[in-house]
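Asker: Okay, so here is model_21.json, and as you'll see once you scroll down, it has JSON, C-alpha atoms.
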[["chain", "number", "residue", "atom", "x", "y", "z"],
["B", 319, "MET", "CA", 0.00, 0.00, 0.00],
["B", 320, "MET", "CA", 1.51, 3.32, -1.07],
["B", 321, "LYS", "CA", 1.92, 5.95, 1.62],
["B", 322, "ASN", "CA", 0.35, 9.37, 1.21],
["B", 323, "ASN", "CA", 2.58, 12.21, 0.09],
["B", 324, "LYS", "CA", 2.43, 13.86, 3.51],
["B", 325, "THR", "CA", 4.10, 10.87, 5.20],
["B", 326, "ILE", "CA", 6.60, 10.54, 2.35],
["B", 327, "LEU", "CA", 7.55, 14.22, 2.66],
["B", 328, "ILE", "CA", 8.06, 13.97, 6.43],
["B", 329, "MET", "CA", 10.25, 10.88, 5.96],
["B", 330, "MET", "CA", 12.26, 12.72, 3.32],
["B", 331, "LEU", "CA", 12.78, 15.76, 5.52],
["B", 332, "LEU", "CA", 14.02, 13.58, 8.38],
["B", 333, "ARG", "CA", 16.60, 12.08, 6.03],
["B", 334, "ILE", "CA", 18.30, 15.49, 5.55],
["B", 335, "HIS", "CA", 21.48, 15.75, 7.61],
["B", 336, "GLY", "CA", 20.92, 17.97, 10.66],
["B", 337, "ILE", "CA", 17.11, 18.08, 10.38],
["B", 338, "GLY", "CA", 15.15, 16.71, 13.34],
["B", 339, "GLY", "CA", 11.51, 16.32, 14.27],
["B", 340, "GLN", "CA", 10.96, 19.85, 15.54],
["B", 341, "THR", "CA", 12.41, 21.42, 12.40],
["B", 342, "VAL", "CA", 10.25, 19.10, 10.31],
["B", 343, "GLN", "CA", 7.14, 20.39, 12.07],
["B", 344, "LYS", "CA", 8.15, 23.98, 11.28],
["B", 345, "ILE", "CA", 8.75, 23.10, 7.64],
["B", 346, "MET", "CA", 5.43, 21.27, 7.32],
["B", 347, "LYS", "CA", 3.57, 24.35, 8.54],
["B", 348, "GLN", "CA", 5.10, 26.32, 5.67],
["B", 349, "VAL", "CA", 4.35, 23.82, 2.90],
["B", 350, "ARG", "CA", 1.27, 24.67, 0.82],
["B", 351, "ARG", "CA", 1.44, 21.95, -1.84],
["B", 352, "ILE", "CA", 2.51, 18.61, -0.37],
["B", 353, "ASP", "CA", 2.43, 16.80, -3.72],
["B", 354, "LYS", "CA", 4.62, 19.44, -5.34],
["B", 355, "ALA", "CA", 7.09, 19.52, -2.43],
["B", 356, "VAL", "CA", 7.83, 15.80, -2.72],
["B", 357, "ASP", "CA", 9.01, 16.21, -6.33],
["B", 358, "ASN", "CA", 10.50, 19.70, -6.15],
["B", 359, "TRP", "CA", 12.90, 21.06, -3.54],
["B", 360, "GLU", "CA", 12.28, 24.77, -4.32],
["B", 361, "PHE", "CA", 10.33, 25.26, -1.08],
["B", 362, "LEU", "CA", 13.46, 24.25, 0.84],
["B", 363, "GLU", "CA", 15.72, 26.43, -1.28],
["B", 364, "LYS", "CA", 13.54, 29.41, -0.29],
["B", 365, "SER", "CA", 13.28, 28.44, 3.39],
["B", 366, "ASN", "CA", 14.54, 30.86, 6.03],
["B", 367, "LEU", "CA", 14.93, 28.17, 8.70],
["B", 368, "PRO", "CA", 18.53, 28.06, 10.00],
["B", 369, "ARG", "CA", 18.79, 24.26, 9.92],
["B", 370, "VAL", "CA", 17.70, 24.13, 6.29],
["B", 371, "LYS", "CA", 20.12, 26.91, 5.31],
["B", 372, "GLN", "CA", 22.95, 25.10, 7.08],
["B", 373, "ALA", "CA", 22.18, 21.88, 5.21],
["B", 374, "ILE", "CA", 22.26, 23.69, 1.86],
["B", 375, "MET", "CA", 25.40, 25.69, 2.64],
["B", 376, "GLY", "CA", 27.13, 22.56, 3.94],
["B", 377, "GLY", "CA", 26.42, 20.62, 0.77],
["B", 378, "LYS", "CA", 24.01, 18.25, 2.55],
["B", 379, "LEU", "CA", 20.99, 19.34, 0.53],
["B", 380, "SER", "CA", 20.57, 20.09, -3.16],
["B", 381, "GLU", "CA", 18.20, 19.24, -5.98],
["B", 382, "ILE", "CA", 20.14, 16.07, -6.76],
["B", 383, "ILE", "CA", 20.29, 15.02, -3.11],
["B", 384, "TRP", "CA", 16.54, 15.67, -2.69],
["B", 385, "LYS", "CA", 15.77, 13.38, -5.64],
["B", 386, "GLN", "CA", 18.07, 10.71, -4.21],
["B", 387, "ILE", "CA", 16.31, 10.95, -0.84],
["B", 388, "HIS", "CA", 12.95, 10.56, -2.59],
["B", 389, "GLN", "CA", 14.06, 7.31, -4.21],
["B", 390, "GLU", "CA", 15.51, 6.03, -0.92],
["B", 391, "ILE", "CA", 12.22, 6.67, 0.89],
["B", 392, "LEU", "CA", 10.14, 4.99, -1.85],
["B", 393, "SER", "CA", 12.47, 1.98, -1.61],
["B", 394, "GLU", "CA", 12.11, 1.89, 2.19],
["B", 395, "ILE", "CA", 8.32, 2.06, 1.95],
["B", 396, "LYS", "CA", 8.28, -0.86, -0.50],
["B", 397, "GLN", "CA", 10.50, -2.89, 1.85],
["B", 398, "ALA", "CA", 8.23, -2.02, 4.78],
["B", 399, "ASN", "CA", 5.16, -3.15, 2.85],
["B", 400, "ASP", "CA", 6.84, -6.46, 2.04],
["B", 401, "LEU", "CA", 7.61, -6.99, 5.74],
["B", 402, "LYS", "CA", 4.12, -5.91, 6.87],
["B", 403, "ILE", "CA", 5.57, -2.90, 8.66],
["B", 404, "GLU", "CA", 3.32, 0.16, 8.80],
["B", 405, "ILE", "CA", 4.74, 3.68, 8.72],
["B", 406, "ILE", "CA", 2.74, 6.58, 10.16],
["B", 407, "SER", "CA", 3.47, 10.25, 10.78],
["B", 408, "TYR", "CA", 2.40, 12.59, 13.56],
["B", 409, "GLN", "CA", -0.24, 13.94, 11.17],
["B", 410, "ASP", "CA", -1.98, 10.56, 10.79],
["B", 411, "ASP", "CA", -5.22, 9.87, 12.65],
["B", 412, "LYS", "CA", -3.87, 6.68, 14.23],
["B", 413, "TYR", "CA", -0.78, 8.41, 15.66],
["B", 414, "PRO", "CA", -0.81, 8.00, 19.48],
["B", 415, "GLN", "CA", -2.51, 10.97, 21.10],
["B", 416, "ARG", "CA", -0.46, 10.43, 24.26],
["B", 417, "LEU", "CA", 2.70, 11.32, 22.33],
["B", 418, "LEU", "CA", 1.12, 14.33, 20.65],
["B", 419, "LYS", "CA", 0.45, 15.81, 24.09],
["B", 420, "LEU", "CA", 4.18, 15.89, 24.84],
["B", 421, "LYS", "CA", 6.38, 18.90, 24.12],
["B", 422, "LYS", "CA", 8.53, 16.64, 21.96],
["B", 423, "PHE", "CA", 7.40, 13.62, 19.95],
["B", 424, "PRO", "CA", 8.74, 11.50, 17.07],
["B", 425, "ALA", "CA", 7.59, 12.63, 13.63],
["B", 426, "ILE", "CA", 7.50, 9.08, 12.25],
["B", 427, "LEU", "CA", 6.63, 5.73, 13.82],
["B", 428, "TYR", "CA", 7.27, 2.27, 12.40],
["B", 429, "LEU", "CA", 4.72, -0.33, 13.51],
["B", 430, "LYS", "CA", 4.31, -4.08, 13.29],
["B", 431, "GLY", "CA", 1.21, -5.73, 14.72],
["B", 432, "ASN", "CA", -1.98, -4.32, 16.19],
["B", 433, "SER", "CA", -1.67, -0.53, 15.72],
["B", 434, "LYS", "CA", -5.04, 0.04, 17.44],
["B", 435, "LEU", "CA", -3.22, -0.41, 20.75],
["B", 436, "LEU", "CA", -1.51, 2.97, 20.26],
["B", 437, "ASN", "CA", -4.70, 4.75, 21.32],
["B", 438, "ALA", "CA", -6.09, 2.19, 23.74],
["B", 439, "ASP", "CA", -8.20, 3.62, 26.56],
["B", 440, "TYR", "CA", -5.75, 2.59, 29.27],
["B", 441, "THR", "CA", -2.00, 2.04, 29.06],
["B", 442, "VAL", "CA", 0.72, 1.72, 31.69],
["B", 443, "THR", "CA", 4.48, 1.42, 31.24],
["B", 444, "VAL", "CA", 6.22, -1.27, 33.30],
["B", 445, "VAL", "CA", 10.03, -1.18, 33.51],
["B", 446, "GLY", "CA", 12.89, -2.35, 35.68],
["B", 447, "THR", "CA", 16.27, -4.01, 35.95],
["B", 448, "ARG", "CA", 17.47, -6.68, 33.54],
["B", 449, "HIS", "CA", 18.45, -8.81, 36.55],
["B", 450, "PRO", "CA", 15.44, -8.89, 38.90],
["B", 451, "THR", "CA", 15.33, -10.82, 42.17],
["B", 452, "GLU", "CA", 13.00, -13.82, 42.56],
["B", 453, "ILE", "CA", 10.56, -11.73, 44.59],
["B", 454, "GLY", "CA", 10.85, -8.98, 41.95],
["B", 455, "ILE", "CA", 9.85, -11.42, 39.19],
["B", 456, "LYS", "CA", 6.90, -12.65, 41.27],
["B", 457, "ARG", "CA", 5.74, -9.09, 41.99],
["B", 458, "ASP", "CA", 6.23, -8.09, 38.34],
["B", 459, "ILE", "CA", 3.95, -10.90, 37.16],
["B", 460, "GLU", "CA", 1.33, -10.20, 39.84],
["B", 461, "LEU", "CA", 1.35, -6.46, 39.15],
["B", 462, "THR", "CA", 1.07, -6.90, 35.38],
["B", 463, "ALA", "CA", -1.71, -9.48, 35.74],
["B", 464, "TRP", "CA", -3.69, -7.07, 37.93],
["B", 465, "PHE", "CA", -3.45, -4.26, 35.38],
["B", 466, "VAL", "CA", -4.29, -6.65, 32.53],
["B", 467, "LYS", "CA", -7.40, -7.71, 34.46],
["B", 468, "HIS", "CA", -8.35, -4.02, 34.64],
["B", 469, "ASP", "CA", -8.12, -3.64, 30.83],
["B", 470, "TYR", "CA", -4.67, -2.03, 30.63],
["B", 471, "VAL", "CA", -2.31, -2.33, 27.68],
["B", 472, "ILE", "CA", 1.20, -2.92, 29.03],
["B", 473, "VAL", "CA", 4.06, -0.88, 27.51],
["B", 474, "SER", "CA", 7.69, -1.89, 27.91],
["B", 475, "GLY", "CA", 11.01, -2.11, 26.06],
["B", 476, "LEU", "CA", 11.48, -5.84, 25.32],
["B", 477, "ALA", "CA", 14.65, -5.96, 27.42],
["B", 478, "GLN", "CA", 15.59, -8.96, 29.52],
["B", 479, "GLY", "CA", 14.39, -9.11, 33.10],
["B", 480, "CYS", "CA", 11.46, -6.96, 34.22],
["B", 481, "ASP", "CA", 10.45, -6.01, 30.67],
["B", 482, "PHE", "CA", 10.37, -9.68, 29.68],
["B", 483, "TYR", "CA", 7.99, -10.75, 32.45],
["B", 484, "ALA", "CA", 5.69, -7.75, 31.87],
["B", 485, "HIS", "CA", 5.38, -8.50, 28.14],
["B", 486, "GLN", "CA", 5.01, -12.23, 28.74],
["B", 487, "THR", "CA", 2.22, -11.76, 31.28],
["B", 488, "ALA", "CA", 0.29, -9.12, 29.35],
["B", 489, "ALA", "CA", -2.66, -10.02, 27.16],
["B", 490, "ARG", "CA", -2.16, -6.87, 25.07],
["B", 491, "THR", "CA", 1.27, -5.28, 25.04],
["B", 492, "ILE", "CA", 3.37, -2.69, 23.19],
["B", 493, "ALA", "CA", 7.12, -3.22, 22.85],
["B", 494, "VAL", "CA", 9.17, -0.11, 22.03],
["B", 495, "LEU", "CA", 12.36, -1.09, 20.22],
["B", 496, "ALA", "CA", 15.72, 0.63, 19.78],
["B", 497, "HIS", "CA", 16.36, -0.48, 16.18],
["B", 498, "GLY", "CA", 14.68, -0.79, 12.80],
["B", 499, "LEU", "CA", 11.84, -3.30, 12.71],
["B", 500, "ASP", "CA", 13.58, -5.25, 9.93],
["B", 501, "GLN", "CA", 16.52, -6.03, 12.23],
["B", 502, "THR", "CA", 17.08, -9.05, 14.47],
["B", 503, "ILE", "CA", 15.39, -8.40, 17.81],
["B", 504, "TYR", "CA", 17.63, -6.97, 20.52],
["B", 505, "PRO", "CA", 18.39, -8.77, 22.71],
["B", 506, "GLN", "CA", 18.27, -11.77, 20.37],
["B", 507, "VAL", "CA", 17.34, -14.07, 23.25],
["B", 508, "ASN", "CA", 13.93, -12.36, 23.28],
["B", 509, "GLU", "CA", 13.11, -13.31, 19.69],
["B", 510, "PRO", "CA", 10.56, -15.95, 20.83],
["B", 511, "LEU", "CA", 8.93, -13.29, 23.02],
["B", 512, "GLU", "CA", 8.66, -10.94, 20.03],
["B", 513, "LYS", "CA", 6.87, -13.64, 18.06],
["B", 514, "SER", "CA", 4.58, -14.30, 21.04],
["B", 515, "ILE", "CA", 3.71, -10.60, 21.34],
["B", 516, "LEU", "CA", 2.64, -10.45, 17.69],
["B", 517, "ALA", "CA", 0.78, -13.77, 17.88],
["B", 518, "LYS", "CA", -1.40, -12.55, 20.76],
["B", 519, "GLY", "CA", -2.27, -9.25, 19.08],
["B", 520, "GLY", "CA", 0.46, -7.04, 20.46],
["B", 521, "LEU", "CA", 2.47, -4.30, 18.78],
["B", 522, "LEU", "CA", 6.12, -3.53, 18.04],
["B", 523, "VAL", "CA", 7.01, 0.17, 17.76],
["B", 524, "SER", "CA", 10.18, 1.90, 16.60],
["B", 525, "THR", "CA", 11.14, 5.43, 15.69],
["B", 526, "TYR", "CA", 14.09, 4.19, 13.63],
["B", 527, "PRO", "CA", 14.17, 3.67, 9.84],
["B", 528, "LEU", "CA", 14.60, 0.19, 8.43],
["B", 529, "GLY", "CA", 18.21, -0.92, 8.49],
["B", 530, "THR", "CA", 19.00, 0.88, 11.76],
["B", 531, "LYS", "CA", 21.00, -1.28, 14.16],
["B", 532, "THR", "CA", 20.94, -1.04, 17.97],
["B", 533, "ILE", "CA", 23.50, 1.25, 19.59],
["B", 534, "PRO", "CA", 23.60, 2.39, 23.25],
["B", 535, "GLN", "CA", 22.22, 5.86, 22.44],
["B", 536, "HIS", "CA", 19.15, 4.29, 20.84],
["B", 537, "LEU", "CA", 18.40, 2.33, 24.01],
["B", 538, "VAL", "CA", 18.26, 5.54, 26.04],
["B", 539, "ALA", "CA", 16.27, 7.40, 23.36],
["B", 540, "ARG", "CA", 13.77, 4.52, 23.24],
["B", 541, "ASP", "CA", 13.06, 5.04, 26.95],
["B", 542, "GLU", "CA", 11.52, 8.44, 26.19],
["B", 543, "TRP", "CA", 8.80, 6.95, 24.02],
["B", 544, "GLN", "CA", 8.02, 3.93, 26.20],
["B", 545, "SER", "CA", 7.38, 6.44, 28.98],
["B", 546, "GLY", "CA", 5.38, 8.67, 26.65],
["B", 547, "LEU", "CA", 3.08, 5.87, 25.51],
["B", 548, "GLY", "CA", 1.94, 5.06, 29.05],
["B", 549, "ASP", "CA", -0.60, 6.89, 31.20],
["B", 550, "GLY", "CA", 1.91, 6.35, 33.96],
["B", 551, "VAL", "CA", 5.18, 4.51, 34.66],
["B", 552, "ILE", "CA", 5.74, 1.72, 37.20],
["B", 553, "VAL", "CA", 9.22, 0.61, 38.26],
["B", 554, "VAL", "CA", 9.39, -3.04, 39.37],
["B", 555, "GLU", "CA", 12.99, -3.06, 40.58],
["B", 556, "THR", "CA", 15.99, -0.81, 40.02],
["B", 557, "GLY", "CA", 19.37, -0.21, 41.54],
["B", 558, "LEU", "CA", 20.84, 3.24, 42.08],
["B", 559, "THR", "CA", 21.99, 3.38, 38.45],
["B", 560, "GLY", "CA", 20.95, 1.76, 35.16],
["B", 561, "GLY", "CA", 18.68, 2.21, 32.17],
["B", 562, "THR", "CA", 15.51, 2.32, 34.24],
["B", 563, "HIS", "CA", 16.59, 5.71, 35.54],
["B", 564, "ALA", "CA", 16.56, 7.10, 32.00],
["B", 565, "THR", "CA", 12.88, 6.13, 31.74],
["B", 566, "ILE", "CA", 12.23, 7.71, 35.16],
["B", 567, "ASP", "CA", 13.91, 10.95, 34.07],
["B", 568, "PHE", "CA", 11.83, 11.10, 30.88],
["B", 569, "ALA", "CA", 8.64, 10.36, 32.83],
["B", 570, "LEU", "CA", 9.36, 13.25, 35.21],
["B", 571, "LYS", "CA", 9.98, 15.63, 32.29],
["B", 572, "GLN", "CA", 6.73, 14.44, 30.69],
["B", 573, "CYS", "CA", 4.87, 14.92, 34.00],
["B", 574, "LYS", "CA", 3.78, 11.27, 33.97],
["B", 575, "PRO", "CA", 2.52, 9.71, 37.23],
["B", 576, "LEU", "CA", 5.27, 7.50, 38.65],
["B", 577, "ALA", "CA", 5.17, 4.53, 41.02],
["B", 578, "VAL", "CA", 7.65, 1.98, 42.37],
["B", 579, "LEU", "CA", 7.06, -1.37, 43.99],
["B", 580, "LYS", "CA", 7.67, -1.30, 47.72],
["B", 581, "TYR", "CA", 9.62, -4.15, 49.35],
["B", 582, "GLY", "CA", 10.07, -5.28, 52.93],
["B", 583, "ASN", "CA", 13.82, -5.64, 52.51],
["B", 584, "TYR", "CA", 16.08, -4.02, 49.95],
["B", 585, "CYS", "CA", 19.23, -5.22, 48.20],
["B", 586, "GLN", "CA", 21.58, -3.88, 45.52],
["B", 587, "THR", "CA", 19.06, -4.84, 42.81],
["B", 588, "ASN", "CA", 16.16, -2.76, 44.19],
["B", 589, "ILE", "CA", 17.78, -0.19, 46.46],
["B", 590, "GLY", "CA", 16.76, 2.41, 43.86],
["B", 591, "ASN", "CA", 13.13, 1.70, 44.76],
["B", 592, "GLU", "CA", 13.78, 2.68, 48.36],
["B", 593, "LYS", "CA", 15.41, 5.92, 47.23],
["B", 594, "CYS", "CA", 12.46, 6.74, 44.95],
["B", 595, "LEU", "CA", 10.00, 6.14, 47.80],
["B", 596, "ALA", "CA", 11.58, 9.05, 49.67],
["B", 597, "ASP", "CA", 10.48, 11.30, 46.78],
["B", 598, "PRO", "CA", 6.83, 12.45, 47.05],
["B", 599, "ARG", "CA", 6.47, 12.30, 43.27],
["B", 600, "PHE", "CA", 6.45, 8.48, 43.47],
["B", 601, "ASP", "CA", 3.61, 6.27, 44.67],
["B", 602, "GLY", "CA", 4.65, 3.18, 46.61],
["B", 603, "LEU", "CA", 2.84, 0.05, 45.42],
["B", 604, "THR", "CA", 2.13, -2.86, 47.75],
["B", 605, "THR", "CA", -1.52, -4.00, 47.88],
["B", 606, "THR", "CA", -4.35, -3.75, 45.38],
["B", 607, "ASP", "CA", -5.55, -0.63, 47.22],
["B", 608, "THR", "CA", -2.33, 1.14, 46.26],
["B", 609, "PHE", "CA", -2.76, -0.10, 42.67],
["B", 610, "LEU", "CA", -6.24, 1.44, 42.61],
["B", 611, "ASN", "CA", -4.94, 4.73, 43.99],
["B", 612, "PHE", "CA", -2.31, 4.85, 41.24],
["B", 613, "VAL", "CA", -4.98, 4.14, 38.61],
["B", 614, "LYS", "CA", -6.99, 7.08, 39.96],
["B", 615, "ARG", "CA", -3.90, 9.25, 39.71],
["B", 616, "MET", "CA", -3.32, 8.22, 36.12],
["B", 617, "LEU", "CA", -6.96, 8.89, 35.22],
["B", 618, "ARG", "CA", -6.75, 12.39, 36.73],
["B", 619, "LYS", "CA", -3.70, 13.07, 34.59]]
Write the structure described by the file as structure tokens, please.

Answerer:
Amino acid sequence: MMKNNKTILIMMLLRIHGIGGQTVQKIMKQVRRIDKAVDNWEFLEKSNLPRVKQAIMGGKLSEIIWKQIHQEILSEIKQANDLKIEIISYQDDKYPQRLLKLKKFPAILYLKGNSKLLNADYTVTVVGTRHPTEIGIKRDIELTAWFVKHDYVIVSGLAQGCDFYAHQTAARTIAVLAHGLDQTIYPQVNEPLEKSILAKGGLLVSTYPLGTKTIPQHLVARDEWQSGLGDGVIVVETGLTGGTHATIDFALKQCKPLAVLKYGNYCQTNIGNEKCLADPRFDGLTTTDTFLNFVKRMLRK
């Protein structure tokens, strides 16, 4: 299925060296004829936006380069269609409204699976260490099962550990990935889980073009969108450092309700939970009553 010219144009703009999502939004507001812009770069040549001028002056954008980019995007779209990967832009109706409410959001999303989950009534992000304790695993499964029972879509990052058990337990789940959807799943050990997620009507999401491999920076960047897709964020277990803290930081910037599981005793694996509990911005989760209170907080948000 051919993409509309609006999505093609946004993909093309993102391919220009030095142009990011926010600049793309500014450019799109200035474009009057989308169909003409895809085939003719004159609107960029006349642009007064600093990033566009820099690209032209630096030899990163010209008529020839624009035509090359067009062909690259058409080729990527064909490959995506062959792999049953859907590409949507922030201007599409099915784009997640939760992301649009943020100050910053990705201009393009790559999807595989049930895209209706993007705008499900209730979503919650569940994250934590890659090396949970036995009690942490048990609590992760119990917590996720409770939210599933209450019609929540579970969002996580398909990492080992806490992410794994959240995805595995969820009936409907969204996995936010740090690489192109045509790549081998990272970590590769979770490939069976990826297949299970799709088989039970879940969704894989990426902000990265096809062919993009996983690098450490992508893992951190991914955390921003797994936080953004949830009505709130729950931390199962975390130490004082680690990737979970990147998700926490993004959630705080996005003003998302935050909660951490509360334990009777703490160790190196979950000492970060104890530290978070000293911060009034975090709910402490223990019993179903505390789960319900957190749900109420998310609904108010």

Asker: Go through region 384-473 of chain B and flag each residue having an atom no more than 6 Å from region 511-527 of chain B; for those, report the closest pair of atoms plus their distance in Å to one decimal, using all atoms listed in the file, ordered by chain and rising number, as CSV.

Answerer:
residue,atom,partner,partner_atom,distance
B:Leu427,CA,B:Thr525,CA,4.9
B:Tyr428,CA,B:Ser524,CA,5.1
B:Leu429,CA,B:Val523,CA,4.9
B:Lys430,CA,B:Leu522,CA,5.1
B:Gly431,CA,B:Leu521,CA,4.5
B:Asn432,CA,B:Leu521,CA,5.1

Asker: Skipping near chain neighbours, those fewer than 5 positions away, what residues fall within 8 Å of Pro575 (chain B) using only C-alpha atoms, listed as a ChimeraX atom specification?

Answerer: /B:549-551,569-570,599-600,612,615-616,619

Asker: Of the residues B:Pro368, B:Pro414, B:Gly454, B:Pro424, which is the one nearest to Met329 (chain B), using all atoms listed in the file?

Answerer: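 Of the candidates, the smallest distance to Met329 (chain B) is held by B:Pro424.
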
Asker: Interatomic distance between CA of Ile374 (chain B) and CA of Gly338 (chain B)?

Answerer: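 Taking CA of Ile374 (chain B) as the start and CA of Gly338 (chain B) as the end point, the length is 15.2 Å.
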
Asker: Please check which residues have atoms at most 9 Å from (8.3, -1.5, 6.8) in the file's coordinates, counting only C-alpha atoms, and write them as a PDB file with C-alpha atoms, in the frame of the given file.

Answerer:
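Dumped everything to point_32.pdb:
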ATOM      1  CA  GLU B 394      12.110   1.890   2.190  1.00  0.00           C
ATOM      2  CA  ILE B 395       8.320   2.060   1.950  1.00  0.00           C
ATOM      3  CA  LYS B 396       8.280  -0.860  -0.500  1.00  0.00           C
ATOM      4  CA  GLN B 397      10.500  -2.890   1.850  1.00  0.00           C
ATOM      5  CA  ALA B 398       8.230  -2.020   4.780  1.00  0.00           C
ATOM      6  CA  ASN B 399       5.160  -3.150   2.850  1.00  0.00           C
ATOM      7  CA  ASP B 400       6.840  -6.460   2.040  1.00  0.00           C
ATOM      8  CA  LEU B 401       7.610  -6.990   5.740  1.00  0.00           C
ATOM      9  CA  LYS B 402       4.120  -5.910   6.870  1.00  0.00           C
ATOM     10  CA  ILE B 403       5.570  -2.900   8.660  1.00  0.00           C
ATOM     11  CA  GLU B 404       3.320   0.160   8.800  1.00  0.00           C
ATOM     12  CA  ILE B 405       4.740   3.680   8.720  1.00  0.00           C
ATOM     13  CA  TYR B 428       7.270   2.270  12.400  1.00  0.00           C
ATOM     14  CA  LEU B 429       4.720  -0.330  13.510  1.00  0.00           C
ATOM     15  CA  LYS B 430       4.310  -4.080  13.290  1.00  0.00           C
ATOM     16  CA  GLY B 498      14.680  -0.790  12.800  1.00  0.00           C
ATOM     17  CA  LEU B 499      11.840  -3.300  12.710  1.00  0.00           C
ATOM     18  CA  ASP B 500      13.580  -5.250   9.930  1.00  0.00           C
ATOM     19  CA  PRO B 527      14.170   3.670   9.840  1.00  0.00           C
ATOM     20  CA  LEU B 528      14.600   0.190   8.430  1.00  0.00           C
TER      21      LEU B 528
END

Asker: Nearest to Asn437 (chain B) among B:Lys412, B:Lys371, B:Lys364, B:His388, with distances taken over only C-alpha atoms: which residue is it?

Answerer: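 Among the listed residues, B:Lys412 lies closest to Asn437 (chain B).
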
Asker: Which residue, B:Gly339, B:Gln386, B:Gln372, B:Thr462, has the smallest gap to Asn358 (chain B) when you use all atoms listed in the file?

Answerer: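 Looking at the shortest contact to Asn358 (chain B), the residue is B:Gln386.
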
Asker: Show which residues sit within 9 Å of region 465-468 of chain B, as an mmCIF file with C-alpha atoms, keeping the file's coordinate frame. Count all atoms listed in the file, and ignore same-chain residues fewer than 5 positions away.

Answerer:
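part05.cif, freshly written:
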data_model
loop_
_atom_site.group_PDB
_atom_site.id
_atom_site.type_symbol
_atom_site.label_atom_id
_atom_site.label_comp_id
_atom_site.auth_asym_id
_atom_site.auth_seq_id
_atom_site.Cartn_x
_atom_site.Cartn_y
_atom_site.Cartn_z
ATOM 1 C CA TYR B 440 -5.750 2.590 29.270
ATOM 2 C CA VAL B 442 0.720 1.720 31.690
ATOM 3 C CA GLU B 460 1.330 -10.200 39.840
ATOM 4 C CA THR B 487 2.220 -11.760 31.280
ATOM 5 C CA ALA B 488 0.290 -9.120 29.350
ATOM 6 C CA ALA B 489 -2.660 -10.020 27.160
ATOM 7 C CA ARG B 490 -2.160 -6.870 25.070
ATOM 8 C CA PHE B 609 -2.760 -0.100 42.670
#

Asker: When you draw a straight line from CA of Ser545 (chain B) to CA of Ala438 (chain B), how long is it in Å?

Answerer: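 CA of Ala438 (chain B) lies at a distance of 15.1 Å from CA of Ser545 (chain B).
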
Asker: I'd like to know which of B:Ile406, B:Leu558, B:Ile552, B:Leu579 is closest to Val613 (chain B), using only C-alpha atoms.

Answerer: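 Of B:Ile406, B:Leu558, B:Ile552, B:Leu579, the one nearest Val613 (chain B), counting only C-alpha atoms, is B:Ile552.
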
Asker: Could you check the closest approach to Ser393 (chain B) for each of B:Met330, B:Gly377, B:Asp567, B:Leu603 and tell me which residue wins, using only C-alpha atoms?

Answerer: B:Met330

Asker: Find the distance between CA of Tyr483 (chain B) and CA of Trp543 (chain B) and write it in Å to one decimal.

Answerer: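 Between CA of Tyr483 (chain B) and CA of Trp543 (chain B) the gap works out to 19.6 Å.
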
Asker: Measuring between all atoms listed in the file, which one of B:Gly529, B:Asp439, B:Val553, B:Phe361 shows the shortest distance to Gly602 (chain B)?

Answerer: B:Val553

Asker: Taking only residues of region 398-441 of chain B that have an atom at most 9 Å from an atom of region 324-327 of chain B, what is each one's shortest atom pair and its distance in Å to one decimal, using all atoms listed in the file, in chain and number order, as CSV?

Answerer:
residue,atom,partner,partner_atom,distance
B:Ile405,CA,B:Thr325,CA,8.0
B:Ile406,CA,B:Thr325,CA,6.7
B:Ser407,CA,B:Thr325,CA,5.6
B:Tyr408,CA,B:Thr325,CA,8.7
B:Gln409,CA,B:Thr325,CA,8.0
B:Asp410,CA,B:Thr325,CA,8.3
B:Ile426,CA,B:Thr325,CA,8.0

Asker: From the block I gave, I'd like region 520-542 of chain B written with C-alpha atoms, as a short mmCIF file (atom, residue, chain, number, x, y, z; two decimals), in the first residue's frame.

Answerer:
data_model
loop_
_atom_site.label_atom_id
_atom_site.label_comp_id
_atom_site.auth_asym_id
_atom_site.auth_seq_id
_atom_site.Cartn_x
_atom_site.Cartn_y
_atom_site.Cartn_z
CA GLY B 520 0.46 -7.04 20.46
CA LEU B 521 2.47 -4.30 18.78
CA LEU B 522 6.12 -3.53 18.04
CA VAL B 523 7.01 0.17 17.76
CA SER B 524 10.18 1.90 16.60
CA THR B 525 11.14 5.43 15.69
CA TYR B 526 14.09 4.19 13.63
CA PRO B 527 14.17 3.67 9.84
CA LEU B 528 14.60 0.19 8.43
CA GLY B 529 18.21 -0.92 8.49
CA THR B 530 19.00 0.88 11.76
CA LYS B 531 21.00 -1.28 14.16
CA THR B 532 20.94 -1.04 17.97
CA ILE B 533 23.50 1.25 19.59
CA PRO B 534 23.60 2.39 23.25
CA GLN B 535 22.22 5.86 22.44
CA HIS B 536 19.15 4.29 20.84
CA LEU B 537 18.40 2.33 24.01
CA VAL B 538 18.26 5.54 26.04
CA ALA B 539 16.27 7.40 23.36
CA ARG B 540 13.77 4.52 23.24
CA ASP B 541 13.06 5.04 26.95
CA GLU B 542 11.52 8.44 26.19
#
